[in-house]
Each structure stands twice: as C-alpha cells, then as structure tokens.
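Content type CSV, C-alpha atoms, from the file upload20.csv:
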chain,number,residue,atom,x,y,z
H,23,MET,CA,6.7,-18.1,-6.7
H,24,THR,CA,6.5,-15.6,-3.9
H,25,ALA,CA,8.5,-12.6,-2.9
H,26,LYS,CA,10.1,-12.0,0.4
H,27,HIS,CA,8.3,-9.8,2.9
H,28,THR,CA,10.7,-7.0,3.3
H,29,GLY,CA,9.3,-4.1,5.2
H,30,LYS,CA,11.1,-1.7,2.8
H,31,LYS,CA,9.1,0.7,0.6
H,32,SER,CA,9.5,0.9,-3.1
H,33,LYS,CA,10.0,4.0,-5.1
H,34,LYS,CA,6.9,5.5,-6.7
H,35,PHE,CA,6.1,4.0,-10.0
H,36,THR,CA,3.4,4.4,-12.6
H,37,ALA,CA,0.7,1.7,-12.2
H,38,TYR,CA,0.7,0.8,-15.9
H,39,THR,CA,3.4,0.9,-18.5
H,40,ASP,CA,2.4,0.3,-22.1
H,41,GLY,CA,-1.1,-0.8,-20.9
H,42,LYS,CA,0.3,-3.5,-18.7
H,43,PRO,CA,0.5,-3.6,-14.9
H,44,THR,CA,3.9,-2.6,-13.6
H,45,PHE,CA,3.8,-4.4,-10.3
H,46,LYS,CA,3.6,-8.1,-11.2
H,47,THR,CA,4.6,-9.9,-8.0
H,48,PRO,CA,1.9,-12.5,-7.1
H,49,ASN,CA,0.9,-13.8,-3.7
H,50,VAL,CA,2.5,-11.3,-1.4
H,51,SER,CA,1.1,-9.2,1.4
H,52,GLY,CA,1.8,-5.5,2.0
H,53,VAL,CA,0.5,-2.0,2.0
H,54,TYR,CA,0.0,0.2,-1.1
H,55,PHE,CA,-0.3,3.9,-1.7
H,56,ILE,CA,-1.9,5.6,-4.6
H,57,PHE,CA,-0.9,9.1,-5.6
H,58,ASN,CA,-2.4,11.5,-8.1
H,59,LYS,CA,-0.5,13.2,-11.0
H,60,ASP,CA,0.5,16.0,-8.6
H,61,GLY,CA,2.1,13.5,-6.2
H,62,LYS,CA,-0.6,13.9,-3.6
H,63,LEU,CA,-1.7,10.8,-1.6
H,64,LYS,CA,-5.2,9.7,-2.5
H,65,TYR,CA,-5.5,6.2,-1.0
H,66,ILE,CA,-3.8,3.7,1.3
H,67,GLY,CA,-4.8,0.0,1.3
H,68,TYR,CA,-3.4,-3.4,2.2
H,69,SER,CA,-3.7,-7.0,1.3
H,70,ALA,CA,-2.9,-10.0,3.5
H,71,SER,CA,-2.5,-12.4,0.6
H,72,CYS,CA,-2.5,-10.9,-2.9
H,73,LEU,CA,-1.2,-7.3,-3.1
H,74,TYR,CA,-1.3,-7.4,-6.9
H,75,LYS,CA,-5.1,-8.0,-7.0
H,76,ALA,CA,-5.9,-5.5,-4.2
H,77,LEU,CA,-3.8,-2.8,-5.9
H,78,TYR,CA,-5.0,-3.2,-9.4
H,79,ARG,CA,-8.7,-3.3,-8.7
H,80,HIS,CA,-8.4,0.4,-8.1
H,81,PHE,CA,-7.5,0.9,-11.8
H,82,GLN,CA,-10.4,-1.1,-13.2
H,83,SER,CA,-14.0,0.0,-13.9
H,84,TRP,CA,-16.7,-1.7,-11.9
H,85,ARG,CA,-20.3,-2.3,-12.9
H,86,ASP,CA,-21.5,-3.2,-9.5
H,87,LYS,CA,-23.1,0.0,-8.2
H,88,THR,CA,-24.0,-1.5,-4.8
H,89,GLN,CA,-20.4,-1.3,-3.5
H,90,GLU,CA,-18.4,1.9,-3.1
H,91,ARG,CA,-15.0,1.6,-4.7
H,92,PHE,CA,-12.3,4.1,-5.5
H,93,THR,CA,-10.9,3.9,-9.0
H,94,TYR,CA,-8.1,5.9,-10.5
H,95,PRO,CA,-6.6,6.7,-13.9
H,96,ARG,CA,-3.9,4.3,-15.0
H,97,ASP,CA,-1.2,6.9,-15.0
H,98,TYR,CA,-1.4,7.5,-11.3
H,99,LYS,CA,1.7,6.6,-9.3
H,100,VAL,CA,1.8,3.8,-6.7
H,101,ARG,CA,4.2,2.8,-3.9
H,102,VAL,CA,4.2,-0.6,-2.1
H,103,ILE,CA,5.7,-1.9,1.1
H,104,LEU,CA,6.0,-5.7,1.3
H,105,THR,CA,5.5,-7.1,4.8
H,106,THR,CA,3.8,-9.9,6.7
H,107,PRO,CA,0.0,-10.1,6.6
H,108,THR,CA,-0.4,-9.0,10.3
H,109,ARG,CA,2.1,-6.2,10.0
H,110,ALA,CA,0.4,-5.0,6.7
H,111,GLN,CA,-2.9,-4.7,8.4
H,112,ASP,CA,-1.5,-2.8,11.4
H,113,LEU,CA,0.7,-0.6,9.2
H,114,GLU,CA,-2.3,0.3,7.0
H,115,LYS,CA,-4.3,1.3,10.0
H,116,TYR,CA,-1.5,3.5,11.4
H,117,LEU,CA,-0.8,5.2,8.1
H,118,ILE,CA,-4.5,6.0,7.4
H,119,ILE,CA,-4.7,7.6,10.8
H,120,LYS,CA,-1.4,9.4,10.4
H,121,MET,CA,-1.6,10.5,6.8
H,122,ALA,CA,-5.4,10.8,6.4
H,123,PRO,CA,-5.7,10.2,2.6
H,124,PRO,CA,-8.8,11.9,1.2
H,125,ASP,CA,-10.2,8.7,-0.4
H,126,GLY,CA,-9.5,6.5,2.7
H,127,LEU,CA,-12.5,5.5,4.6
H,128,ILE,CA,-12.6,6.3,8.3
H,129,LYS,CA,-12.1,2.7,9.3
H,130,TYR,CA,-10.2,3.0,12.5
H,131,LYS,CA,-11.5,5.2,15.3
H,132,ARG,CA,-9.4,3.7,18.1
H,133,TYR,CA,-5.8,2.6,17.9
H,134,SER,CA,-3.6,0.8,20.4
H,135,PRO,CA,-0.8,3.0,21.8
H,136,GLU,CA,1.5,0.0,21.8
H,137,LYS,CA,0.9,-0.8,18.1
H,138,GLU,CA,1.4,2.9,17.4
H,139,LYS,CA,4.8,2.9,18.9
H,140,GLN,CA,5.8,-0.2,16.9
H,141,MET,CA,4.5,1.4,13.7
H,142,ILE,CA,6.3,4.7,14.4
H,143,LYS,CA,9.6,2.7,14.7
H,144,ILE,CA,8.9,1.0,11.4
H,145,ILE,CA,8.1,4.3,9.6
H,146,GLU,CA,11.2,6.0,11.1
H,147,ASN,CA,13.4,3.1,9.8
H,148,LEU,CA,11.7,3.3,6.3
H,149,GLU,CA,12.2,7.1,6.2
H,150,GLU,CA,15.9,6.7,7.1
H,151,GLY,CA,16.2,4.2,4.2
H,152,LYS,CA,16.7,1.2,6.5
H,153,ASP,CA,15.3,-2.2,5.6
H,154,VAL,CA,13.0,-3.3,8.4
H,155,ASP,CA,13.9,-7.0,7.9
H,156,ASN,CA,17.2,-6.4,6.1
H,157,GLU,CA,15.9,-7.7,2.8
H,158,ILE,CA,15.3,-6.0,-0.6
H,159,ILE,CA,12.1,-5.6,-2.6
H,160,PRO,CA,12.4,-7.7,-5.7
H,161,PHE,CA,11.8,-4.9,-8.3

Please rewrite the model in this file as structure tokens.
Amino acid sequence: MTAKHTGKKSKKFTAYTDGKPTFKTPNVSGVYFIFNKDGKLKYIGYSASCLYKALYRHFQSWRDKTQERFTYPRDYKVRVILTTPTRAQDLEKYLIIKMAPPDGLIKYKRYSPEKEKQMIKIIENLEEGKDVDNEIIPF
C-alpha cells in the first residue's frame, strides 16, 4: 500500500504517541522537518523511497560511532511533505539553503537558479495552503 505524492505539508505532530511512531505510511517519498520543544527547526531531510525509515532513524540510538548522525528525543515535533522522489531531493536542497537548520549539513554549495524558481513557487503554494498536486495527505 502506498500513499499519494501530494506536495502538501502536514501539520506538526509528535514523532511518537504512547511509545509508537505516529507517521506510519510506508514506501513514500518526501521531505521531513524536525522541530525541538520550542518549535525551532533543527533538521531537514528527505527520502526518495521510504520516508518512514528515514524519519524515524533520527529518533533511535546508534552504536556505530564511525558515522555522524543526528538523533532527537521522541517528543520532538515533525512535519512531512509527500512528493515525488526527484522533487523531494530538490525541495530538501532548497529548504536547507533557505532555512539553514542548525543540524543540517552544508551539503549544497551551489544551486540552480531555475530549480530555485520552481521551489519558490512550490513553497508559496504550500504557505498559501494550496495543494501542489491537488491531493490530500492521508493522515
């Protein structure tokens, strides 16, 4: 079962409720945001295939000390945007550059002006509450 790629952002929600993950939609692509208890943006990431796994790895402890990972308390808030794999990657790049989350790695030094114009239009539509693809997120 897969969800539709909507391009519409969800409301903020707690990552876990009663010890269980809140976002349970498998096999979708999109962008995710992690906010601290004060509502400040800490991290932006994306997944091209399994948003659930990408998002929830930030709320698990890791024993492998050779890789740098950002992990957060389970009561932090998250927000997701479901979209196509290509759009998710482009949107993540744009949002990291625009919003500069403190835990985001400086991955993107150069950015295409054409892609930036496309992403600005998507963000403007999202901020106005418009669905980018005229569909609704399934939660």

So, with all atoms listed in the file as the atoms that count, which of H:Ser32, H:Lys99, H:Lys46, H:Asp112 lies closest to Ala70 in chain H? H:Asp112

Could you state the separation of CA of Pro43 in chain H and CA of Pro124 in chain H in Å, given to one decimal place? 24.2 Å

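The neighbours of range 57-65 of chain H here are the residues that come within 10 Å of it, using only C-alpha atoms and leaving out any residue fewer than 4 positions away in the same chain; they are Lys34, Phe35, Thr36, His80, Phe92, Thr93, Tyr94, Pro95, Asp97, Tyr98, Lys99, Val100, Arg101, Ile118, Met121, Ala122, Pro123, Pro124, Asp125, Gly126 and Leu127 of chain H.
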
Compare H:Pro107, H:Gly52, H:Gly41, H:Gly151 by their minimum atom-to-atom distance to Ile66 in chain H, counting all atoms listed in the file, and give me the closest one. H:Gly52

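Straight-line separation from CA of Arg91 in chain H to CA of Arg109 in chain H: 23.9 Å.
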
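Interatomic distance, CA of Lys143 in chain H to CA of Phe45 in chain H: 26.6 Å.
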
Exercise on range 58-68 of chain H, axis-aligned box with 8 Å per side, report centre and edge lengths in Å to one decimal, as AutoDock Vina command-line options:
--center_x -1.7 --center_y 6.3 --center_z -4.4 --size_x 23.6 --size_y 35.4 --size_z 29.2

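Counting all atoms listed in the file and comparing H:Lys139, H:Arg85, H:Lys33, H:Lys75, the residue that lies closest to Ile103 in chain H is H:Lys33.
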